[in-house]
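J.: For reference, the file start13.csv (CSV, C-alpha atoms) is included below:
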chain,number,residue,atom,x,y,z
A,1,MET,CA,0.0,0.0,0.0
A,2,SER,CA,1.2,3.4,-0.8
A,3,GLU,CA,2.1,6.0,1.8
A,4,LEU,CA,1.6,9.6,2.2
A,5,GLN,CA,4.6,11.9,2.1
A,6,VAL,CA,3.9,14.5,4.8
A,7,ARG,CA,5.5,17.9,5.4
A,8,ILE,CA,4.4,20.2,8.1
A,9,VAL,CA,5.9,23.6,7.6
A,10,SER,CA,5.7,26.7,9.7
A,11,PRO,CA,7.1,30.1,8.8
A,12,ASP,CA,10.4,29.5,10.5
A,13,SER,CA,10.9,25.7,10.4
A,14,VAL,CA,9.9,22.4,8.9
A,15,LEU,CA,8.2,20.6,11.8
A,16,TYR,CA,7.9,17.2,10.3
A,17,GLU,CA,8.9,15.6,7.1
A,18,GLY,CA,8.3,11.9,6.4
A,19,PRO,CA,6.0,9.1,5.5
A,20,ALA,CA,2.6,8.5,7.1
A,21,ALA,CA,-0.2,5.9,6.8
A,22,SER,CA,-2.8,8.5,7.6
A,23,VAL,CA,-3.2,12.0,8.9
A,24,VAL,CA,-6.0,13.7,10.7
A,25,ALA,CA,-5.9,17.5,10.4
A,26,PRO,CA,-8.0,20.2,11.9
A,27,ALA,CA,-9.6,22.0,8.9
A,28,TRP,CA,-11.6,25.2,9.4
A,29,ASP,CA,-14.9,23.4,9.5
A,30,GLY,CA,-13.9,20.2,11.4
A,31,LYS,CA,-11.4,17.4,11.4
A,32,VAL,CA,-10.4,16.0,8.0
A,33,GLY,CA,-8.8,12.5,7.7
A,34,ILE,CA,-6.4,11.9,4.8
A,35,LEU,CA,-5.4,8.5,3.5
A,36,PRO,CA,-3.1,7.7,0.6
A,37,GLY,CA,-5.0,8.1,-2.7
A,38,HIS,CA,-6.9,11.1,-1.4
A,39,ALA,CA,-8.4,13.4,-4.1
A,40,PRO,CA,-6.4,16.6,-4.7
A,41,MET,CA,-7.5,19.1,-2.1
A,42,ILE,CA,-6.7,22.5,-0.7
A,43,ALA,CA,-8.3,23.2,2.7
A,44,LEU,CA,-8.1,26.1,5.1
A,45,LEU,CA,-6.9,25.0,8.6
A,46,GLY,CA,-8.5,25.9,11.9
A,47,SER,CA,-6.7,25.3,15.1
A,48,GLY,CA,-6.3,22.1,17.0
A,49,GLU,CA,-4.5,18.8,17.1
A,50,LEU,CA,-3.0,17.2,14.1
A,51,SER,CA,-2.1,13.6,14.3
A,52,ILE,CA,0.1,11.5,12.0
A,53,ASP,CA,-0.1,7.7,12.0
A,54,HIS,CA,3.3,6.3,11.1
A,55,PRO,CA,3.4,3.6,8.5
A,56,GLU,CA,4.7,1.0,10.9
A,57,ASP,CA,3.1,1.7,14.2
A,58,GLY,CA,2.9,4.6,16.6
A,59,SER,CA,1.7,8.1,15.9
A,60,GLU,CA,2.8,11.6,16.5
A,61,ARG,CA,0.8,14.6,17.5
A,62,PHE,CA,1.2,18.3,16.7
A,63,PHE,CA,-0.7,21.4,17.5
A,64,VAL,CA,-1.4,23.7,14.5
A,65,ALA,CA,-3.3,26.9,14.2
A,66,GLY,CA,-4.2,28.7,11.0
A,67,GLY,CA,-2.8,28.1,7.6
A,68,VAL,CA,-3.7,25.7,4.8
A,69,LEU,CA,-3.2,22.2,3.7
A,70,LYS,CA,-2.7,20.8,0.2
A,71,VAL,CA,-3.0,17.2,-1.0
A,72,GLU,CA,-1.8,16.4,-4.4
A,73,GLY,CA,-1.0,12.8,-5.4
A,74,ASP,CA,0.2,11.3,-2.2
A,75,ASP,CA,2.0,14.5,-1.1
A,76,LEU,CA,0.5,16.3,1.8
A,77,ILE,CA,1.8,19.7,2.7
A,78,ILE,CA,0.6,21.5,5.8
A,79,LEU,CA,1.4,25.2,6.0
A,80,THR,CA,0.6,26.5,9.5
A,81,GLU,CA,1.1,30.0,10.9
A,82,PHE,CA,1.7,28.4,14.3
A,83,GLY,CA,2.9,24.9,14.8
A,84,GLY,CA,4.3,23.0,17.7
A,85,THR,CA,4.0,19.9,19.8
A,86,GLU,CA,2.1,21.6,22.5
A,87,ALA,CA,-0.9,23.9,22.4
A,88,PRO,CA,0.1,27.4,23.4
A,89,GLU,CA,-1.7,29.1,26.2
A,90,GLU,CA,-2.9,31.8,23.9
A,91,LEU,CA,-3.4,31.6,20.2
A,92,PRO,CA,-1.2,33.8,18.1
A,93,ALA,CA,-3.0,36.7,16.5
A,94,GLY,CA,-4.4,35.9,13.1
A,95,ALA,CA,-4.4,32.2,13.7
A,96,GLU,CA,-8.0,32.1,14.9
A,97,VAL,CA,-10.4,31.2,12.1
A,98,ASP,CA,-13.8,32.8,12.2
A,99,VAL,CA,-16.0,30.0,11.0
A,100,GLY,CA,-19.1,32.2,11.2
A,101,ALA,CA,-17.6,34.8,8.9
A,102,ILE,CA,-16.6,32.3,6.3
A,103,LEU,CA,-20.1,30.7,6.3
A,104,GLU,CA,-21.6,34.2,5.9
A,105,ALA,CA,-19.2,34.9,3.0
A,106,LEU,CA,-20.2,31.6,1.4
A,107,GLU,CA,-23.8,32.6,1.7
A,108,GLY,CA,-23.0,35.9,0.2
A,109,THR,CA,-21.3,34.5,-2.9
A,110,GLY,CA,-23.9,31.8,-3.3
B,1,MET,CA,64.1,62.1,14.9
B,2,ALA,CA,60.6,63.5,14.5
B,3,GLY,CA,59.8,61.5,11.3
B,4,SER,CA,60.1,58.1,12.9
B,5,ARG,CA,58.0,59.1,15.9
B,6,ASP,CA,55.2,60.3,13.7
B,7,VAL,CA,55.3,57.1,11.8
B,8,LYS,CA,55.3,55.1,15.0
B,9,ARG,CA,52.1,56.9,16.1
B,10,ARG,CA,50.4,56.2,12.8
B,11,ILE,CA,51.3,52.5,13.0
B,12,LYS,CA,49.7,52.4,16.4
B,13,SER,CA,46.5,54.1,15.1
B,14,VAL,CA,46.2,51.8,12.1
B,15,GLU,CA,46.7,48.8,14.3
B,16,ASN,CA,43.8,50.0,16.5
B,17,THR,CA,41.6,50.5,13.4
B,18,ARG,CA,42.5,47.0,12.1
B,19,GLN,CA,41.6,45.5,15.5
B,20,ILE,CA,38.2,47.2,15.3
B,21,THR,CA,37.4,46.2,11.7
B,22,ARG,CA,38.6,42.7,12.4
B,23,THR,CA,36.2,42.4,15.4
B,24,MET,CA,33.3,43.8,13.3
B,25,GLU,CA,34.1,41.3,10.6
B,26,LEU,CA,33.9,38.5,13.2
B,27,VAL,CA,30.6,39.8,14.6
B,28,ALA,CA,29.2,40.1,11.1
B,29,THR,CA,30.3,36.6,10.3
B,30,SER,CA,28.5,35.1,13.3
B,31,LYS,CA,25.3,37.2,12.7
B,32,LEU,CA,25.5,36.3,9.0
B,33,LYS,CA,25.4,32.6,10.0
B,34,LYS,CA,22.3,33.1,12.1
B,35,ALA,CA,20.6,35.2,9.5
B,36,THR,CA,21.4,32.8,6.7
B,37,ASP,CA,19.8,30.0,8.8
B,38,ARG,CA,16.7,32.1,9.2
B,39,VAL,CA,16.5,32.8,5.5
B,40,ARG,CA,16.9,29.1,4.8
B,41,ALA,CA,14.2,28.2,7.4
B,42,ALA,CA,11.8,30.7,5.9
B,43,ALA,CA,12.1,29.4,2.4
B,44,PRO,CA,9.9,26.2,2.4
B,45,TYR,CA,6.9,28.0,3.9
B,46,SER,CA,7.0,31.0,1.7
B,47,ASP,CA,7.6,29.0,-1.5
B,48,ALA,CA,4.8,26.7,-0.8
B,49,LEU,CA,2.4,29.5,0.3
B,50,ALA,CA,3.3,31.5,-2.8
B,51,SER,CA,2.6,28.5,-5.1
B,52,ILE,CA,-0.8,27.8,-3.4
B,53,VAL,CA,-1.8,31.5,-3.6
B,54,GLY,CA,-0.6,31.7,-7.1
B,55,SER,CA,-2.6,28.7,-8.2
B,56,LEU,CA,-5.8,29.8,-6.5
B,57,TYR,CA,-5.7,33.2,-8.0
B,58,ALA,CA,-8.0,33.8,-11.0
B,59,PRO,CA,-8.5,37.2,-12.6
B,60,GLU,CA,-12.3,37.0,-12.4
B,61,LEU,CA,-12.1,37.0,-8.6
B,62,SER,CA,-10.5,40.4,-8.6
B,63,GLU,CA,-13.8,42.3,-8.8
B,64,LYS,CA,-15.2,40.9,-5.6
B,65,PHE,CA,-12.3,41.3,-3.2
B,66,PRO,CA,-10.5,44.5,-2.5
B,67,LEU,CA,-7.2,42.8,-1.9
B,68,LEU,CA,-7.4,40.9,-5.2
B,69,ARG,CA,-8.2,44.0,-7.3
B,70,ARG,CA,-6.1,44.7,-10.3
B,71,PRO,CA,-6.4,48.4,-11.1
B,72,GLU,CA,-6.3,49.0,-14.8
B,73,LYS,CA,-4.7,52.4,-14.3
B,74,VAL,CA,-2.2,52.9,-11.5
B,75,ARG,CA,-2.5,56.4,-10.1
B,76,ARG,CA,-0.8,56.0,-6.8
B,77,ALA,CA,1.8,53.5,-5.7
B,78,ALA,CA,3.4,52.8,-2.3
B,79,VAL,CA,7.1,52.0,-2.2
B,80,LEU,CA,8.5,50.3,0.8
B,81,LEU,CA,12.2,50.6,1.1
B,82,LEU,CA,14.1,48.3,3.5
B,83,THR,CA,17.5,49.6,4.6
B,84,ALA,CA,19.7,48.9,7.6
B,85,ASN,CA,19.9,50.8,10.8
B,86,ARG,CA,23.7,50.8,10.7
B,87,GLY,CA,26.3,51.7,8.1
B,88,LEU,CA,29.8,50.4,7.6
B,89,ALA,CA,28.4,47.7,5.3
B,90,GLY,CA,30.1,48.8,2.1
B,91,SER,CA,27.6,49.8,-0.6
B,92,PHE,CA,24.7,47.9,0.9
B,93,ASN,CA,22.6,50.9,1.9
B,94,ALA,CA,23.7,53.0,-1.1
B,95,ASN,CA,22.6,50.3,-3.5
B,96,LEU,CA,19.2,50.0,-1.9
B,97,ILE,CA,18.7,53.7,-1.9
B,98,LYS,CA,19.8,53.9,-5.6
B,99,GLU,CA,17.3,51.1,-6.5
B,100,ALA,CA,14.5,53.0,-4.7
B,101,ARG,CA,15.4,56.2,-6.4
B,102,LEU,CA,15.4,54.6,-9.8
B,103,LEU,CA,12.0,53.1,-9.0
B,104,LEU,CA,10.6,56.4,-7.8
B,105,GLU,CA,11.9,58.1,-10.9
B,106,ARG,CA,10.4,55.5,-13.2
B,107,LEU,CA,7.0,55.7,-11.5
B,108,ALA,CA,7.1,59.5,-11.6
B,109,GLY,CA,8.0,59.3,-15.3
B,110,GLU,CA,4.8,57.2,-15.8
B,111,GLY,CA,2.8,59.9,-14.0
B,112,ILE,CA,2.2,57.8,-10.9
B,113,GLU,CA,2.2,59.5,-7.6
B,114,THR,CA,4.2,57.7,-4.9
B,115,ASP,CA,4.2,57.2,-1.2
B,116,LEU,CA,7.5,56.4,0.2
B,117,HIS,CA,7.7,54.2,3.3
B,118,ILE,CA,11.1,53.5,4.8
B,119,VAL,CA,12.4,50.9,7.2
B,120,GLY,CA,15.9,51.6,8.6
B,121,LYS,CA,17.8,54.6,9.7
B,122,LYS,CA,20.1,54.8,6.7
B,123,GLY,CA,17.3,55.2,4.2
B,124,VAL,CA,15.4,57.5,6.5
B,125,SER,CA,18.3,59.9,6.9
B,126,TYR,CA,19.1,59.9,3.2
B,127,PHE,CA,15.6,60.8,2.0
B,128,ARG,CA,15.1,63.2,4.9
B,129,PHE,CA,18.3,65.0,4.1
B,130,ARG,CA,17.1,65.3,0.5
B,131,GLY,CA,13.9,66.8,1.6
B,132,TYR,CA,11.9,64.0,0.0
B,133,PRO,CA,8.4,63.5,1.4
B,134,ILE,CA,8.3,60.4,3.4
B,135,SER,CA,5.0,58.8,4.3
B,136,SER,CA,6.1,56.6,7.2
B,137,THR,CA,9.4,55.5,8.8
B,138,ARG,CA,10.4,52.6,11.0
B,139,VAL,CA,13.7,52.3,12.7
B,140,ASP,CA,12.9,49.8,15.5
B,141,ILE,CA,13.4,46.6,13.6
B,142,GLY,CA,16.6,44.9,14.7
B,143,ASP,CA,18.7,42.0,13.5
B,144,ASN,CA,16.1,39.5,14.3
B,145,PRO,CA,12.9,40.5,12.5
B,146,SER,CA,9.8,38.7,13.6
B,147,MET,CA,6.5,37.9,12.0
B,148,GLU,CA,4.9,40.6,14.2
B,149,ASP,CA,7.4,43.1,12.8
B,150,ALA,CA,6.5,42.1,9.2
B,151,GLU,CA,2.8,42.4,10.0
B,152,SER,CA,3.2,45.8,11.5
B,153,VAL,CA,5.2,47.0,8.5
B,154,ILE,CA,2.8,45.7,5.8
B,155,ALA,CA,-0.6,46.1,7.5
B,156,GLY,CA,-0.9,49.8,6.7
B,157,LEU,CA,0.1,49.3,3.1
B,158,ARG,CA,-2.3,46.4,2.7
B,159,ASP,CA,-5.2,48.3,4.0
B,160,GLU,CA,-4.5,51.3,1.8
B,161,PHE,CA,-4.4,49.1,-1.2
B,162,ALA,CA,-7.6,47.3,-0.2
B,163,ALA,CA,-9.3,50.7,0.3
B,164,GLY,CA,-8.2,51.8,-3.1
B,165,ARG,CA,-6.0,54.6,-1.9
B,166,THR,CA,-3.0,53.0,-3.6
B,167,ASP,CA,-3.0,50.9,-6.7
B,168,ALA,CA,0.3,49.1,-6.3
B,169,VAL,CA,2.8,48.2,-3.6
B,170,TYR,CA,6.5,47.8,-4.3
B,171,VAL,CA,9.2,46.5,-1.9
B,172,VAL,CA,12.8,47.5,-2.4
B,173,SER,CA,15.1,45.1,-0.6
B,174,SER,CA,18.2,43.0,-1.0
B,175,GLU,CA,18.0,39.6,-2.5
B,176,PHE,CA,20.1,37.2,-0.5
B,177,ILE,CA,21.7,34.9,-3.1
B,178,SER,CA,24.9,34.3,-1.1
B,179,ALA,CA,27.0,36.3,1.3
B,180,MET,CA,28.9,37.7,-1.6
B,181,SER,CA,26.0,38.4,-3.9
B,182,THR,CA,23.2,40.5,-2.5
B,183,PRO,CA,21.8,42.6,-5.3
B,184,PRO,CA,19.0,45.1,-4.5
B,185,ARG,CA,15.7,44.4,-6.2
B,186,ALA,CA,12.3,46.0,-6.5
B,187,THR,CA,9.5,43.6,-6.1
B,188,LYS,CA,5.8,44.3,-6.8
B,189,LEU,CA,3.9,42.8,-3.9
B,190,LEU,CA,0.5,44.1,-4.9
B,191,PRO,CA,-1.5,43.6,-7.1
B,192,ILE,CA,-0.9,40.0,-6.6
B,193,GLN,CA,1.3,38.4,-9.2
B,194,GLY,CA,0.7,35.1,-11.1
B,195,GLY,CA,-2.7,33.6,-11.8
B,196,SER,CA,-2.6,33.7,-15.6
B,197,GLY,CA,-6.0,32.1,-15.6
B,198,SER,CA,-4.8,28.5,-16.2
B,199,ARG,CA,-5.3,27.4,-12.7
B,200,GLY,CA,-4.6,23.7,-13.0
B,201,LEU,CA,-6.8,23.3,-10.0
B,202,ASP,CA,-9.9,22.1,-11.8
B,203,ASN,CA,-10.0,18.7,-10.1
B,204,PHE,CA,-9.1,20.0,-6.7
B,205,ILE,CA,-11.5,19.9,-3.8
B,206,LEU,CA,-11.4,23.4,-2.3
B,207,SER,CA,-12.6,24.0,1.2
B,208,PRO,CA,-13.9,26.6,1.4
B,209,LYS,CA,-14.2,28.0,-2.1
B,210,ALA,CA,-11.2,29.6,-3.8
B,211,GLU,CA,-12.1,33.3,-3.2
B,212,ILE,CA,-12.6,32.7,0.5
B,213,LEU,CA,-9.4,30.6,0.8
B,214,LEU,CA,-7.6,33.4,-1.0
B,215,GLN,CA,-9.1,36.1,1.2
B,216,ARG,CA,-7.8,34.2,4.2
B,217,LEU,CA,-4.5,33.3,2.8
B,218,LEU,CA,-3.6,36.6,1.2
B,219,PRO,CA,-2.9,38.5,4.4
B,220,ALA,CA,-0.7,35.6,5.5
B,221,TYR,CA,1.0,35.6,2.2
B,222,LEU,CA,1.8,39.3,2.3
B,223,ARG,CA,3.0,39.1,5.8
B,224,ASN,CA,5.2,36.2,4.9
B,225,ALA,CA,6.6,38.0,1.8
B,226,THR,CA,7.4,41.0,4.0
B,227,TYR,CA,9.0,38.8,6.7
B,228,ARG,CA,11.1,37.1,4.1
B,229,ALA,CA,12.2,40.4,2.6
B,230,LEU,CA,13.1,41.6,6.1
B,231,VAL,CA,15.0,38.4,7.0
B,232,GLU,CA,16.9,38.4,3.6
B,233,ASN,CA,17.7,42.0,4.1
B,234,VAL,CA,19.3,41.4,7.4
B,235,ALA,CA,21.4,38.5,6.0
B,236,ALA,CA,22.4,40.6,3.1
B,237,GLU,CA,23.4,43.5,5.4
B,238,GLN,CA,25.6,41.2,7.5
B,239,GLY,CA,27.1,39.6,4.3
B,240,ALA,CA,27.9,43.1,3.0
B,241,ARG,CA,29.3,44.2,6.3
B,242,ARG,CA,31.5,41.1,6.6
B,243,THR,CA,32.9,41.7,3.1
B,244,ALA,CA,33.5,45.4,3.7
B,245,MET,CA,35.2,44.8,7.1
B,246,LYS,CA,37.3,42.0,5.6
B,247,SER,CA,38.7,44.3,2.9
B,248,ALA,CA,39.1,47.1,5.5
B,249,THR,CA,41.1,44.7,7.7
B,250,ASP,CA,43.2,43.6,4.6
B,251,ASN,CA,43.8,47.2,3.7
B,252,ALA,CA,44.9,48.1,7.2
B,253,GLY,CA,47.4,45.2,6.9
B,254,ASP,CA,48.8,46.7,3.7
B,255,VAL,CA,49.1,50.1,5.2
B,256,LEU,CA,50.8,48.7,8.2
B,257,GLU,CA,53.3,47.0,6.1
B,258,TYR,CA,54.1,50.1,4.2
B,259,LEU,CA,54.3,52.2,7.4
B,260,THR,CA,56.6,49.6,9.1
B,261,ARG,CA,58.9,49.8,6.2
B,262,SER,CA,59.1,53.6,6.2
B,263,TYR,CA,59.6,53.5,10.0
B,264,ASN,CA,62.5,51.0,9.6
B,265,ARG,CA,63.9,53.1,6.8
B,266,ALA,CA,63.8,56.3,8.9
B,267,ARG,CA,65.4,54.4,11.9
B,268,GLN,CA,68.1,53.1,9.7
B,269,GLY,CA,68.7,56.5,8.2
B,270,GLN,CA,69.0,57.9,11.7
B,271,ILE,CA,71.5,55.3,12.7
B,272,THR,CA,73.6,55.8,9.6
B,273,GLN,CA,73.6,59.5,10.1
B,274,GLU,CA,74.7,59.1,13.7
B,275,ILE,CA,77.6,56.8,12.7
B,276,ALA,CA,78.5,59.3,10.0
B,277,GLU,CA,78.6,62.0,12.5
B,278,ILE,CA,80.8,60.0,14.9
B,279,VAL,CA,83.1,59.0,12.1
B,280,GLY,CA,83.2,62.6,10.9
B,281,GLY,CA,83.9,63.8,14.4
B,282,ALA,CA,86.7,61.3,15.0
B,283,ALA,CA,88.2,62.2,11.6
B,284,ALA,CA,88.1,65.9,12.5
B,285,LEU,CA,90.1,65.1,15.7
B,286,GLU,CA,93.0,63.4,13.9
Any chance you could put this one into structure tokens?
T.:
Amino acid sequence: MSELQVRIVSPDSVLYEGPAASVVAPAWDGKVGILPGHAPMIALLGSGELSIDHPEDGSERFFVAGGVLKVEGDDLIILTEFGGTEAPEELPAGAEVDVGAILEALEGTG
Amino acid sequence: MAGSRDVKRRIKSVENTRQITRTMELVATSKLKKATDRVRAAAPYSDALASIVGSLYAPELSEKFPLLRRPEKVRRAAVLLLTANRGLAGSFNANLIKEARLLLERLAGEGIETDLHIVGKKGVSYFRFRGYPISSTRVDIGDNPSMEDAESVIAGLRDEFAAGRTDAVYVVSSEFISAMSTPPRATKLLPIQGGSGSRGLDNFILSPKAEILLQRLLPAYLRNATYRALVENVAAEQGARRTAMKSATDNAGDVLEYLTRSYNRARQGQITQEIAEIVGGAAALE
């Protein structure tokens, strides 16, 4: 079975780079699970826990806030304004995603 | 003899100068190392973000969102010039200022009004001395620019563009190719580049839709582009300073060599003269 190639990149570092069997990421409107062979996708990120299941066994957890993820082929790139292994006490400015405003904008554009 | 004493004093002074330039070279080298690491660390994020933003952009979106607008006629442009707070970096600041002046002249030639925003004491003092109208200045950004610095620099320009008060935003900064090669460049930040219409995203799932994604990502993209320009500029400054201080140190070495030689010659001349005087005196006694 094929594997995902995952990269988690924040503005000042690459947090993770390697293969994964599956990834669960916090998109703006809820968690999104990604397996190998996923359709190409670009999704806005919210904030929350991102977990990576390693191809063998074990998993890794990160905290991300704000940004975007892109799946193309089996490459998954996660760009996050804030990323770390622990949730910060306070979210950095601009990382908060206002779901209500996006839904409203979606209404507005039909 | 007075001559040799003067030379001795100059040797001392050049030695002191060499000590200072050598220290500055070492400091610049260590700062350059850190700055280069930061430039390298910033690259993956900004490259990936730029490619996503570029592929999401489609010209037809520009009508709905102020940040995406593409004015047909540019009446007013904002120019953001990034310089250093300190000098002694060879032609680093002068090159940036020259690039900015060329850009300002070109824009003026096209009948475009310009707002000049400057970061860094060197640029500020140049344009202030020239009596050039400056819209805003920032001199508080140090050797380790942060995302917050970038946001505070670009926020005003972004809002002005979105509000339609300016139709283009340029950034003049140094490109960091290597420590030896840091050419100044003028980049057009807004209107957003790319997006020829062939999006190549037809089979992509977009969540939420492209225009809202873009609207959310653009501020981050601009902030990041500014951050990268700031970080590259710091690295370029340190690279230029290291090069300048290295050649100053080398020059001081050459001057020292020359001065030591003239000092020795003067000393030798003095000894020869004294011997001649003694010999002459002894000969006169015979």
J.: Please determine the contact residues of chain A with respect to chain B at a cut-off of 7 Å, counting all atoms listed in the file, and supply them as a ChimeraX atom specification.
T.: /A:9-13,40-44,79
J.: When you look at Thr83 (chain B) with a cut-off of 6 Å (counting only C-alpha atoms), what residues show up, excluding the ones that are within fewer than 6 positions of it in the same chain? I need them as a PDB file with C-alpha atoms, in the coordinates of the input.
T.:
ATOM      1  CA  ASN B  93      22.600  50.900   1.900  1.00  0.00           C
ATOM      2  CA  VAL B 119      12.400  50.900   7.200  1.00  0.00           C
ATOM      3  CA  GLY B 120      15.900  51.600   8.600  1.00  0.00           C
ATOM      4  CA  GLY B 123      17.300  55.200   4.200  1.00  0.00           C
TER       5      GLY B 123
END
J.: What separation in Å, quoted to one decimal, exists between CA of Ile112 (chain B) and CA of Val79 (chain B)?
T.: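 Going from CA of Ile112 (chain B) over to CA of Val79 (chain B), I get 11.5 Å.
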J.: Name all residues at most 8 Å from region 16-33 of chain A (count all atoms listed in the file; drop same-chain ones fewer than 6 positions away) and give them as a list in words.
T.: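 With the cut-off at 8 Å, the set is Glu3, Leu4, Gln5, Val6, Arg7, Ile8, Val9, Ala43, Leu44, Leu45, Gly46, Ser47, Gly48, Glu49, Leu50, Ser51, Ile52, Asp53, His54, Pro55, Val64, Val97 and Val99 of chain A.
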J.: Taking 4 positions as the minimum chain separation for residues in the same chain, which residues sit within 6 Å of region 234-244 of chain B when counting only C-alpha atoms? Answer as a ChimeraX atom specification.
T.: /B:25,28-29,32,35-36,89-90,176,179,182
J.: Nearest to Thr137 (chain B) among B:Gly280, B:Leu82, B:Val172, B:Leu104, with distances taken over all atoms listed in the file: which residue is it?
T.: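 Nearest to Thr137 (chain B): B:Leu82.
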J.: Using all atoms listed in the file, which of the listed residues (B:Val53, B:Asn16, B:Leu80, B:Asp143) sits closest to Ser30 (chain B)?
T.: B:Asp143
J.: So how many Å separate CA of Pro71 (chain B) and CA of Tyr57 (chain B), to one decimal?
T.: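 About the pair CA of Pro71 (chain B) and CA of Tyr57 (chain B): they are 15.5 Å apart.
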J.: Pick from A:Glu86, A:Leu103, A:Glu81, A:Gly73: nearest to Leu35 (chain A), with all atoms listed in the file counted?
T.: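 Of all the options, A:Gly73 lies closest to Leu35 (chain A).
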J.: Between A:Thr85, A:Glu107, A:Ala101, A:Ile77, which residue has the minimum interatomic distance to Glu60 (chain A), considering all atoms listed in the file?
T.: A:Thr85
J.: For a test of reading the model, state the distance in Å between CA of Gly67 (chain A) and CA of Phe161 (chain B), rounded to one decimal.
T.: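 Computing the Euclidean distance for CA of Gly67 (chain A) and CA of Phe161 (chain B) yields 22.8 Å.
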